[in-house]
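Structure first, commentary second.
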Amino acid sequence: MSVGNPKAATGKNSTGRRTQHAAQLPSRVPVAKTPKVYVGGEFIRSESGRTYPINTDDGTFFANIPQCTRKDLRNAVEAAAKAGSSWARRTPYNRAQIVYRLAEMLESRSDEMARAIAKPGASSLNDARNEVAAAVDRLIYYAGWADKFEQVLGNTNPVSGPFFNFTVVEPVGIVGVIVDDSSPLLALISQVAPVIVSGNAVVVLASETHPYPAIVLGEMLATSDLPGGVVNIITGQRKELVPTFATHTHIRGLDAVVVAAEKKELALGAADSVKRLRARSSEKEIDWFAESAQSVYEIRNFIEFKTTWHPIGA
Amino acid sequence: MSVTTKAAPKARKKTQAATTDRVPELIFGDLWEFDPAPESADPKIKPQYELFIGGKFVEPESGKYFDSINPATEKKISRIALASAADVARAYEAAQKAFDTTWGRMPGRERGKYVYRIARLIQDRAREFAVAETVDGGKPIKESRDFDVPMTAAHFFYHAGWADKLDYAIPGRPTEPLGVVGQVIPWNFPLLMLAWKIAPAISTGNCVVLKPAETTSVTALKFAELLQEADLPPGVVNFVTGAGETGAAVMANDIASKVAFTGSTEVGKLIMRSLAGSDKKMTMELGGKAANIVFDDAPLDQAVEGVVNGIFFNQGHVCCAGSRLLVQESIATEFVEKLKRRISVLRVGDPMDKNTDIGAINSRAQLEKIEELVQSGVEQGAKMFQPSCRLPGAGFFYRPTIFTGVTQSHRIATEEIFGPVLSVLTFRTLEEAVEKANNTAYGLSAGVWTDKGSRILKMSTELKAGVVWANTFNKFDPSSPFGGYKESGFGREGGRQGLLDYVRLT
């Protein structure tokens, strides 16, 4: 684990037993990592300079998480807009390989990620390992859909007349994702992967209570081939950021796991610019491990169907 | 129709060098007296219509009625029951009962037979329904006869066949019907919009409470009679008539597991706000401000016909109307000239006359809205052209109108007029055309006219619109999904894609 409370780290030996003598100096002081959010392919702090602390499962200080602002969110939307159009133009085969590459990155650093889930108390290390494995598998699942879902969801249409008529799919543009607090990594991957394989760019608000896996995921995204700005991850408080997710007119879709009051606020904001809103209740626990948590219809939520007509003639 | 004289072909060749010389031609328009050619079938409209709830015609609990007029004559044609919230609640209860006891339990193959029956019965009485549609709504008889009614039958016939094949429409996941759906439809295609809403809903096993537009309820209630003839189980389809308040009650009822709305973006947003926080599924088919883009290599005469059809079809009361003409600068003068000549011979007048191209504006309120927006166009500096055709003395009529010199900031270039008014803008490059076409909050449809195949596919890819017509316009089919991007709404109607909006994945 590369991060943690420096004091706690120096105050404990490798077995975690508290040392008795201040004179017993550590042979090496570990270097703690400053959590930063991943926006536009860069690691940044909140423009506000604010953070909020999170603790380990035993209640000691773990790290300061950026408390992003509405301005940070707007900047992230701008980054998504810049990256989005070229991402949408990539070939489906290319997008498939990039999402597959992300799975490779996560698999090879699965131990680090499992600790990033478990250490700040999201789950036991054992459960965390299962969660990482499921997240890798989910990425593989959606990587496979990238160059197939259009064949399943689109088609030619046998219209009554001398016309060639076909229906294709296109991404809606920029999608806001508000991640569930339970299974924070698997939920994030399950919510984000189906949205990006079709060519959308996303702005993700990580779980407020368990933001750390999303911070570490940002580092893996940076080493995958995903162009900067396609997935932007911010951390912070829902009550500050939900209103901007709701009303930002450049966000064309929202996938949110939220409480009833937040759902209503998102729906009211979505009405103003006719956003596509998919809101699931966080009050009912979602089984992110279930087979039903992955489907081609998750991709379908954030695409548009475009139908083109052309006469058939000489 | 403009008809050239015998000497015309020769004259055209001679004058090609001297381009300013007008080719001699016979202009029909109002200069020639046409014998009237009225459609004479009996629309069989009753003097009074009740609500259709639970398979029966029932009086509204308030005892209130409102008049439905013929917009071409301003004469009353029938009295329509006004549904209150209590009537709407009754309709929902009837629908829920039908869902629980008959329709929701019926196997798809049996449901489908009822829907096929409906399609056949419409075909049987096609002319009668076409005349009723024209009398009630003002659209030319040739359109209701050749488009609205046959397309209505086609929608039911197409969807009937899906009823027992949904596993193929939605592969990989079993589905179930949603239950009862509430639907509110507009006045521009009363029967056809009813078909777009009801056919997919009942074929997938749902029951329906539908409110037609207050100016065009007659054909929905005639359709209710037809449902009785089809012996559709009572309560599967219910009609509640009235205006905005009735519509709000349809959208708000707790029994509705889904609501579907076709109408203006303004009202669509109101509905979305009113349903914020509820678990109702929604589909919205809202407004549009489509660009019809003509490149310099397009077959111009064909494009002129397409542009005219794009904006003057159904008096321009079409959400996907090609209301913005984007014409490449190099051909703009010539193209607009051709367009002016073409609209000068459009026949505006009695919708019941088989020769009429442009019928009556649907209501006084809509006429006033068109007049107001046209006035804004003049005031903001665009140049207006209207042919000098005669308009009937009574009724709501408006001349086909073309604005040139329109800029992107003009109201007539940004707001949906929903009338026979075309705004002409120009462009130089493909990129500029795309930029201008997409520079709107709407994204329902678009048109492209060019001879170059790769350019068609490029434009189709770049245009942010749910339907792109290339070298054609305003074509519809039940197998072809229809619906918008951006503020033109969400969800699709028709085709395989439209079915998922009426089921729940299990």
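Following the order of the structure tokens, first chain is A, next is B, and so on, with residues numbered from 1 inside each chain and ligands from 1 in the order they appear.
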**Prompt:** Near chain B, which residues of chain A fall within 7 Å when you count only C-alpha atoms, and what do they look like as a PyMOL selection string?
**Reply:** chain A and resi 157-160+260+263-264+267-268+271-274+304-311
**Item:** DSSP strand (DSSP E or B) residues within region 215-276 of chain B, listed as an MDAnalysis selection string
**Value:** chainID B and resid 237:239 256:262
Take the residues that were just selected and, keeping N, CA and C atoms, output them as a PDB file, in the first residue's frame.
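Final output, selection.pdb:
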```pdb
ATOM      1  N   VAL B 237     -58.242  -0.020 -24.180  1.00  0.00           N
ATOM      2  CA  VAL B 237     -57.989   1.332 -24.668  1.00  0.00           C
ATOM      3  C   VAL B 237     -59.126   2.228 -24.178  1.00  0.00           C
ATOM      4  N   ASN B 238     -58.758   3.349 -23.557  1.00  0.00           N
ATOM      5  CA  ASN B 238     -59.747   4.311 -23.054  1.00  0.00           C
ATOM      6  C   ASN B 238     -59.398   5.696 -23.579  1.00  0.00           C
ATOM      7  N   PHE B 239     -60.439   6.448 -23.964  1.00  0.00           N
ATOM      8  CA  PHE B 239     -60.200   7.813 -24.436  1.00  0.00           C
ATOM      9  C   PHE B 239     -60.836   8.822 -23.500  1.00  0.00           C
ATOM     10  N   ALA B 256     -50.576   5.032 -13.788  1.00  0.00           N
ATOM     11  CA  ALA B 256     -49.742   5.028 -15.001  1.00  0.00           C
ATOM     12  C   ALA B 256     -48.326   4.599 -14.660  1.00  0.00           C
ATOM     13  N   SER B 257     -47.850   3.523 -15.289  1.00  0.00           N
ATOM     14  CA  SER B 257     -46.463   3.141 -15.054  1.00  0.00           C
ATOM     15  C   SER B 257     -45.553   3.777 -16.101  1.00  0.00           C
ATOM     16  N   LYS B 258     -46.181   4.330 -17.122  1.00  0.00           N
ATOM     17  CA  LYS B 258     -45.411   5.038 -18.141  1.00  0.00           C
ATOM     18  C   LYS B 258     -46.291   6.109 -18.760  1.00  0.00           C
ATOM     19  N   VAL B 259     -45.676   7.216 -19.145  1.00  0.00           N
ATOM     20  CA  VAL B 259     -46.420   8.207 -19.906  1.00  0.00           C
ATOM     21  C   VAL B 259     -45.670   8.492 -21.200  1.00  0.00           C
ATOM     22  N   ALA B 260     -46.443   8.709 -22.248  1.00  0.00           N
ATOM     23  CA  ALA B 260     -45.857   9.042 -23.541  1.00  0.00           C
ATOM     24  C   ALA B 260     -46.535  10.309 -24.030  1.00  0.00           C
ATOM     25  N   PHE B 261     -45.720  11.229 -24.489  1.00  0.00           N
ATOM     26  CA  PHE B 261     -46.256  12.520 -24.908  1.00  0.00           C
ATOM     27  C   PHE B 261     -45.682  12.892 -26.260  1.00  0.00           C
ATOM     28  N   THR B 262     -46.536  13.378 -27.134  1.00  0.00           N
ATOM     29  CA  THR B 262     -46.069  14.024 -28.356  1.00  0.00           C
ATOM     30  C   THR B 262     -46.664  15.408 -28.373  1.00  0.00           C
TER      31      THR B 262
END
```
**Request:** Tell me, as a list of chain:residue names, which residues lie within 12 Å of Leu125 (chain A), counting only C-alpha atoms; anything in the same chain fewer than 4 positions away does not count.
**Result:**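 So the residues in contact are A:Asp57, A:Ser110, A:Asp111, A:Glu112, A:Met113, A:Ala114, A:Arg115, A:Ala116, A:Ile117, A:Ala118, A:Lys119, A:Pro120, A:Gly121, A:Arg129, A:Asn130, A:Glu131, A:Val132.
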Could you list, as an mmCIF file with C-alpha atoms, in the first residue's frame, every residue within 6 Å of Ala95 (chain B), counting only C-alpha atoms and ignoring same-chain residues fewer than 5 positions away?
```
data_model
loop_
_atom_site.group_PDB
_atom_site.id
_atom_site.type_symbol
_atom_site.label_atom_id
_atom_site.label_comp_id
_atom_site.auth_asym_id
_atom_site.auth_seq_id
_atom_site.Cartn_x
_atom_site.Cartn_y
_atom_site.Cartn_z
ATOM 1 C CA CYS B 207 -53.501 -1.007 -21.510
ATOM 2 C CA GLY B 235 -60.712 -1.145 -20.823
ATOM 3 C CA VAL B 236 -57.707 -2.045 -22.957
#
```
**Prompt:** When you draw a straight line from CA of Glu431 (chain B) to CA of Val308 (chain B), how long is it in Å?
**Reply:** 24.7 Å
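By chain and then residue number, the residues within 12 Å of Thr333 (chain B) are Thr20, Asp296, Val327, Gln328, Glu329, Ser330, Val336, Glu337, Lys338, Leu339, Lys340, Thr404, Gly405, Val424, Leu425 and Thr426 of chain B, counting only C-alpha atoms and disregarding those fewer than 3 positions away in sequence.
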Might you pull out every residue within 8 Å of Asn155 (chain A), with only C-alpha atoms counted and same-chain residues fewer than 5 positions away left off, and present them as a PDB file with N, CA and C atoms, in the first residue's frame?
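out.pdb, freshly written:
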```
ATOM      1  N   PHE A 166     -32.032   2.597 -42.877  1.00  0.00           N
ATOM      2  CA  PHE A 166     -31.238   1.895 -41.864  1.00  0.00           C
ATOM      3  C   PHE A 166     -31.129   2.711 -40.584  1.00  0.00           C
ATOM      4  N   THR A 167     -31.061   1.992 -39.476  1.00  0.00           N
ATOM      5  CA  THR A 167     -30.979   2.621 -38.165  1.00  0.00           C
ATOM      6  C   THR A 167     -29.637   2.298 -37.530  1.00  0.00           C
ATOM      7  N   VAL A 168     -28.875   3.344 -37.231  1.00  0.00           N
ATOM      8  CA  VAL A 168     -27.578   3.171 -36.589  1.00  0.00           C
ATOM      9  C   VAL A 168     -27.631   3.782 -35.186  1.00  0.00           C
TER      10      VAL A 168
END
```
**Request:** Mind checking which residues fall within 10 Å of Thr450 (chain B), counting only C-alpha atoms, ignoring those fewer than 2 positions away in the same chain, and posting them as an MDAnalysis selection string?
**Result:** chainID B and resid 293:300 303 448 452:456 470:471
**Asked** Please, which residues of region 190-429 of chain B, numbered as in this document, come out helix (DSSP H, G or I) from DSSP, as an MDAnalysis selection string?
**Response** chainID B and resid 190:203 218:229 244:252 265:274 300:316 329:344 364:379 411:414
